[in-house]
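Pasted below: structure01.cif, mmCIF, C-alpha atoms.
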data_data
#
loop_
_atom_site.label_atom_id
_atom_site.label_comp_id
_atom_site.auth_asym_id
_atom_site.auth_seq_id
_atom_site.Cartn_x
_atom_site.Cartn_y
_atom_site.Cartn_z
CA MET L 855 56.17 -20.88 60.83
CA ILE L 856 52.93 -22.15 62.36
CA PRO L 857 49.59 -21.51 60.61
CA LEU L 858 46.92 -19.93 62.76
CA SER L 859 43.69 -21.90 62.60
CA PRO L 860 41.05 -19.44 63.86
CA GLY L 861 40.44 -16.60 61.46
CA THR L 862 42.46 -18.07 58.59
CA ALA L 863 41.08 -19.01 55.21
CA SER L 864 40.87 -22.69 56.18
CA GLY L 865 39.19 -21.80 59.50
CA LYS L 866 36.55 -19.75 57.67
CA ALA L 867 36.08 -22.51 55.09
CA SER L 868 35.55 -25.02 57.90
CA LEU L 869 32.84 -22.80 59.38
CA GLN L 870 31.15 -22.47 55.98
CA ARG L 871 31.23 -26.26 55.49
CA ASP L 872 29.39 -26.62 58.80
CA ILE L 873 26.67 -24.31 57.50
CA VAL L 874 26.29 -26.41 54.34
CA MET L 875 25.67 -29.59 56.32
CA THR L 876 22.49 -30.17 58.22
CA LYS L 877 22.55 -29.63 61.95
CA GLY L 878 22.52 -33.39 62.63
CA LEU L 879 25.49 -34.02 60.35
CA ALA L 880 27.33 -31.10 61.94
CA THR L 881 26.76 -32.65 65.37
CA ILE L 882 28.09 -36.01 64.16
CA LYS L 883 31.06 -34.26 62.55
CA ASN L 884 31.89 -32.29 65.71
CA THR L 885 31.58 -35.39 67.89
CA ALA L 886 33.82 -37.39 65.56
CA GLU L 887 36.40 -34.58 65.55
CA LYS L 888 36.46 -34.45 69.34
CA ILE L 889 36.91 -38.23 69.53
CA VAL L 890 39.72 -38.22 66.94
CA ASP L 891 41.49 -35.28 68.60
CA THR L 892 41.18 -36.77 72.09
CA LEU L 893 42.28 -40.22 70.96
CA SER L 894 45.28 -38.72 69.17
CA VAL L 895 46.42 -36.84 72.27
CA VAL L 896 45.88 -39.84 74.54
CA LEU L 897 47.79 -42.17 72.21
CA PHE L 898 50.70 -39.71 71.93
CA MET L 899 50.81 -39.54 75.72
CA VAL L 900 50.77 -43.35 75.96
CA ILE L 901 53.67 -43.59 73.50
CA PHE L 902 55.61 -40.97 75.48
CA VAL L 903 55.01 -42.75 78.81
CA LEU L 904 55.86 -46.16 77.33
CA GLY L 905 59.04 -44.74 75.82
CA LEU L 906 60.10 -43.28 79.16
CA ALA L 907 59.23 -46.52 80.95
CA GLN L 908 61.26 -48.48 78.41
CA ILE L 909 64.30 -46.25 79.04
CA LEU L 910 63.84 -46.42 82.82
CA PHE L 911 63.47 -50.19 82.91
CA ARG L 912 66.29 -50.86 80.43
CA TRP L 913 68.97 -48.46 81.69
CA VAL L 914 68.12 -47.77 85.33
CA LEU L 915 66.51 -50.97 86.55
CA ASN L 916 68.45 -53.24 84.15
CA SER L 917 65.25 -55.15 83.38
CA PRO L 918 63.89 -54.15 79.95
CA LEU L 919 60.18 -54.36 79.21
CA ALA L 920 59.66 -56.94 76.49
CA TRP L 921 56.31 -55.59 75.33
CA SER L 922 56.70 -51.79 75.33
CA GLU L 923 58.51 -51.46 72.00
CA GLU L 924 55.89 -53.52 70.16
CA ALA L 925 53.08 -51.58 71.85
CA ILE L 926 54.64 -48.29 70.73
CA ARG L 927 54.85 -49.50 67.12
CA LEU L 928 51.22 -50.67 67.09
CA ILE L 929 49.95 -47.45 68.67
CA TYR L 930 51.97 -45.50 66.12
CA VAL L 931 49.91 -47.14 63.34
CA TRP L 932 46.78 -45.75 64.95
CA ILE L 933 48.32 -42.29 65.29
CA CYS L 934 49.28 -42.27 61.60
CA TYR L 935 45.70 -43.02 60.56
CA LEU L 936 44.33 -40.42 62.96
CA GLY L 937 46.80 -37.88 61.57
CA TRP L 938 45.54 -38.63 58.08
CA VAL L 939 41.97 -37.92 59.22
CA ILE L 940 43.01 -34.67 60.92
CA ALA L 941 44.93 -33.50 57.84
CA GLU L 942 42.02 -34.42 55.57
CA ARG L 943 39.40 -32.58 57.58
CA SER L 944 41.51 -29.42 57.84
CA GLY L 945 42.61 -29.45 54.19
CA GLY L 946 46.18 -29.87 55.36
CA HIS L 947 47.34 -32.30 52.68
CA ILE L 948 49.74 -30.97 50.09
CA LYS L 949 48.16 -29.40 47.05
CA ILE L 950 49.87 -28.29 43.86
CA THR L 951 47.54 -25.62 42.54
CA VAL L 952 49.66 -23.56 40.16
CA LEU L 953 47.84 -24.65 37.00
CA ILE L 954 44.38 -25.20 38.43
CA ALA L 955 44.37 -21.73 40.06
CA LYS L 956 44.69 -20.14 36.60
CA ALA L 957 41.80 -22.15 35.13
CA PRO L 958 38.28 -20.78 34.73
CA GLU L 959 35.98 -21.09 37.76
CA GLY L 960 33.75 -23.74 36.16
CA PHE L 961 36.72 -25.99 35.39
CA ARG L 962 38.14 -25.50 38.92
CA LYS L 963 34.77 -26.50 40.38
CA ILE L 964 34.62 -29.68 38.29
CA MET L 965 38.23 -30.58 39.09
CA GLN L 966 37.72 -30.08 42.82
CA ILE L 967 34.61 -32.28 42.76
CA VAL L 968 36.49 -34.94 40.76
CA ASN L 969 39.40 -34.76 43.20
CA HIS L 970 37.11 -35.27 46.20
CA ALA L 971 35.26 -38.08 44.38
CA LEU L 972 38.56 -39.86 43.67
CA THR L 973 39.48 -39.57 47.34
CA ILE L 974 36.10 -41.09 48.23
CA ILE L 975 36.71 -44.01 45.86
CA PHE L 976 40.18 -44.59 47.32
CA SER L 977 38.80 -44.43 50.87
CA VAL L 978 35.97 -46.85 50.09
CA LEU L 979 38.55 -49.29 48.71
CA MET L 980 40.59 -48.79 51.88
CA VAL L 981 37.49 -49.60 53.96
CA ALA L 982 36.86 -52.79 51.98
CA TYR L 983 40.47 -53.94 52.07
CA GLY L 984 40.82 -52.83 55.68
CA ILE L 985 37.95 -55.13 56.63
CA LYS L 986 39.64 -57.97 54.72
CA MET L 987 42.92 -57.24 56.53
CA MET L 988 41.07 -57.35 59.85
CA GLN L 989 39.63 -60.74 58.95
CA ILE L 990 42.99 -62.11 57.81
CA SER L 991 44.88 -60.73 60.79
CA SER L 992 42.31 -61.88 63.35
CA ILE L 993 44.10 -65.22 63.60
CA GLY L 994 47.32 -63.56 64.78
CA SER L 995 48.26 -61.62 67.85
CA ALA L 996 51.10 -59.44 69.03
CA VAL L 997 54.23 -61.35 69.93
CA SER L 998 54.96 -59.86 73.35
CA PHE L 999 51.42 -59.39 74.69
CA ASN L 1000 47.91 -60.63 73.99
CA LEU L 1001 46.42 -58.26 71.41
CA ASN L 1002 44.64 -59.50 68.33
CA TYR L 1003 46.03 -57.75 65.24
CA ALA L 1004 42.48 -57.11 64.02
CA TRP L 1005 42.39 -54.27 66.58
CA VAL L 1006 45.36 -52.64 64.88
CA TYR L 1007 43.81 -52.89 61.41
CA LEU L 1008 40.46 -51.61 62.68
CA MET L 1009 41.80 -48.09 62.15
CA ALA L 1010 41.85 -48.47 58.35
CA PRO L 1011 38.08 -48.86 57.86
CA VAL L 1012 37.14 -46.48 60.68
CA CYS L 1013 39.42 -43.64 59.59
CA ASN L 1014 38.59 -44.06 55.92
CA LEU L 1015 34.86 -43.88 56.69
CA LEU L 1016 35.54 -40.57 58.42
CA ILE L 1017 37.46 -39.38 55.37
CA VAL L 1018 34.53 -40.33 53.13
CA PHE L 1019 32.29 -38.25 55.39
CA TYR L 1020 34.63 -35.24 55.16
CA GLU L 1021 34.98 -35.56 51.39
CA ILE L 1022 31.21 -35.65 50.93
CA ALA L 1023 31.02 -32.44 52.97
CA GLU L 1024 33.72 -30.92 50.73
CA ILE L 1025 31.78 -31.84 47.58
CA ALA L 1026 28.62 -30.27 49.06
CA TYR L 1027 30.60 -27.12 49.85
CA VAL L 1028 32.04 -26.84 46.33
CA ILE L 1029 28.64 -27.47 44.71
CA LYS L 1030 26.95 -24.84 46.86
CA ASN L 1031 29.68 -22.17 47.08
CA GLY L 1032 31.86 -22.76 44.05
CA PRO L 1033 35.50 -23.81 43.92
CA LYS L 1034 37.82 -22.99 46.78
CA ASP L 1035 40.50 -20.43 46.18
CA TYR L 1036 43.76 -22.07 47.24
CA SER L 1037 45.82 -19.04 46.23
CA VAL L 1038 44.94 -17.24 49.47
CA GLU L 1039 47.92 -17.33 51.80
CA GLU L 1040 47.29 -18.18 55.44
CA GLU L 1041 48.45 -16.05 58.33
CA VAL L 1042 51.56 -17.44 59.98
CA ILE L 1043 53.49 -16.91 63.19
CA GLU L 1044 57.15 -16.21 62.54
#

Using structure tokens, write down the structure that the file contains.
Amino acid sequence: MIPLSPGTASGKASLQRDIVMTKGLATIKNTAEKIVDTLSVVLFMVIFVLGLAQILFRWVLNSPLAWSEEAIRLIYVWICYLGWVIAERSGGHIKITVLIAKAPEGFRKIMQIVNHALTIIFSVLMVAYGIKMMQISSIGSAVSFNLNYAWVYLMAPVCNLLIVFYEIAEIAYVIKNGPKDYSVEEEVIE
């Protein structure tokens, strides 16, 4: 079962969030989303091509590539962070809403704001510690090719800054429009 994005509750909520933000912030948000989406697709394609090349060189040409496996693992780190950003912006993370859905609207609004604020705090900590990890790892490089590990850890602060941006937009939405109703079921393709 695959959720349909246009016309679903989350698609409409995304459109309403854009209205809440100023036009400049919406432009930044849309540009960031295009970059994240494009980078995700490109990195998946690179992993696929490297995986095929690794098979070809190992089993057909009998000369395995020493660097491709490590490159795939490092690129996978980036894809995981980008996936987190995509899930965060679309509201795709798991939510257990059985109790909160039965609460009064005012309490749901406060809890949603608190939830987004806690995510912001976590993401700010991830930015700070991500920068420290970049500094610590800048003295090392990949074993099989010349890549400074700071480039791998760069994704932690960058992606968490994007998540902070999305969470601030979510707080603005909840303040302006009230709590989101998570009990609405999305349309699905069977």

Evaluate the PyMOL selection byres ((chain L and resi 886) around 12) and record the selected residues as a list in words, following the chain and residue labels used in the document.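 Checking the PyMOL selection byres ((chain L and resi 886) around 12) against this file, the residues are Leu879, Ala880, Thr881, Ile882, Lys883, Asn884, Thr885, Glu887, Lys888, Ile889, Val890, Asp891, Thr892, Leu893, Leu936, Val939, Ile940, Arg943, Val1012, Cys1013, Leu1015, Leu1016, Ile1017, Phe1019 and Tyr1020 of chain L.
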
Report, in Å with one decimal, the straight-line distance from CA of Trp1005 in chain L to CA of Gly937 in chain L.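 Taking CA of Trp1005 in chain L as the start and CA of Gly937 in chain L as the end point, the length is 17.7 Å.
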
Suppose a student applies the PyMOL selection byres ((chain L and resi 1021-1024) around 7) to this structure; what residues should they get, written as a PyMOL selection string? chain L and resi 871+875+970+974+1017-1020+1025-1028

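Shortest separation to Asp1035 in chain L among L:Val952, L:Val914, L:Ala941, L:Ala920 occurs at residue L:Val952, atoms counted being only C-alpha atoms.
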
Please provide as an mmCIF file with C-alpha atoms, keeping the file's coordinate frame all residues within 9 Å of Tyr930 in chain L, with the sequence filter that same-chain residues fewer than 3 positions apart are discarded (counting all atoms listed in the file).
data_model
loop_
_atom_site.group_PDB
_atom_site.id
_atom_site.type_symbol
_atom_site.label_atom_id
_atom_site.label_comp_id
_atom_site.auth_asym_id
_atom_site.auth_seq_id
_atom_site.Cartn_x
_atom_site.Cartn_y
_atom_site.Cartn_z
ATOM 1 C CA LEU L 897 47.790 -42.170 72.210
ATOM 2 C CA PHE L 898 50.700 -39.710 71.930
ATOM 3 C CA ILE L 901 53.670 -43.590 73.500
ATOM 4 C CA ALA L 925 53.080 -51.580 71.850
ATOM 5 C CA ILE L 926 54.640 -48.290 70.730
ATOM 6 C CA ARG L 927 54.850 -49.500 67.120
ATOM 7 C CA ILE L 933 48.320 -42.290 65.290
ATOM 8 C CA CYS L 934 49.280 -42.270 61.600
ATOM 9 C CA TYR L 935 45.700 -43.020 60.560
#

Which residues fall under the PyMOL selection byres ((chain L and resi 982-993) around 9) in this file, as a list in words? Ser977, Val978, Leu979, Met980, Val981, Gly994, Ser995, Asn1002, Tyr1003, Ala1004, Trp1005, Val1006, Tyr1007, Leu1008, Met1009, Ala1010, Pro1011 and Val1012 of chain L

Provide the CA of Gly1032 in chain L to CA of Trp938 in chain L distance in Å, to one decimal place. 25.2 Å

Can you report as AutoDock Vina command-line options the centre and edge lengths in Å, to one decimal, of an axis-aligned box around the listed atoms of range 897-916 of chain L padded with 3 Å on each side?
--center_x 58.4 --center_y -46.4 --center_z 79.2 --size_x 27.2 --size_y 19.7 --size_z 20.6

Which residue, L:Phe976, L:Phe911, L:Tyr1036, L:Phe999, has the smallest gap to Asn1014 in chain L when you use all atoms listed in the file?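 Looking only at the distances to Asn1014 in chain L, the closest residue turns out to be L:Phe976.
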
Interatomic distance (Å, one decimal) between CA of Lys1030 in chain L and CA of Phe961 in chain L: 15.1 Å
